[in-house]
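> One structure is given below, represented as structure tokens, and several questions about it will come after.
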Amino acid sequence: MLDWESSNMKLLASGRLDAVYFSSSATALYFAKWACVPVRILALPTPHIKLYAAFALGQESLRDRYNAIARRAFAEHNFDTFMKEYIRQIKIPAGGL
């Protein structure tokens, strides 16, 4: 399915699903807001997955800059705090998704 996130939220809203899985609570909150679906986030005991960025050879300065910014962005839940505030401020047009 191309748009599984919003489709799952619509199925959740209609009662056809009892729960949906998102790898990130920010993603779940974002799609729930657009679908106008109240949600309760439950953390599942899943293993932490490391993400990596790839850079072309010769781009060491870009890689180092990226790594420094990423360290700050993800330290002390900064990214989660930023995303929750961003999602809170989203203005949803009539009809949602």
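If you're wondering about the labels, chains in the structure tokens are A, B, ... by order shown, residues count from 1 in each chain, ligands from 1 in order shown.
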Which residues are near Glu5 (chain A)? Cut-off 10 Å, only C-alpha atoms, ignore same chain within fewer than 4 positions. Put them as JSON, numbers by chain.
{"A": [1, 9, 10, 20, 21, 22, 27, 28, 30, 31, 32, 35]}
> May I ask which of the residues A:Leu62, A:Ala13, A:Ala68, A:Ala53 is the closest one to Lys33 (chain A), counting only C-alpha atoms?
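Closest to Lys33 (chain A) of all the choices is A:Ala13.
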> Of the candidates A:Ala75, A:Leu57, A:Ile92, A:Leu42, which one gets nearest to Ser24 (chain A) if we count only C-alpha atoms?
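Among the listed residues, the smallest separation from Ser24 (chain A) belongs to A:Leu42.
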> Step one, run DSSP on the backbone; step two, keep only residues of chain A assigned to helix (DSSP H, G or I); then write them as a PyMOL selection string.
chain A and resi 4-14+25-35+60-89
> Quick one: residues within 12 Å of Tyr66 (chain A), only C-alpha atoms counted, chain neighbours fewer than 6 positions away excluded, as a VMD selection string?
chain A and resid 52 to 55 59 to 60 72 to 73
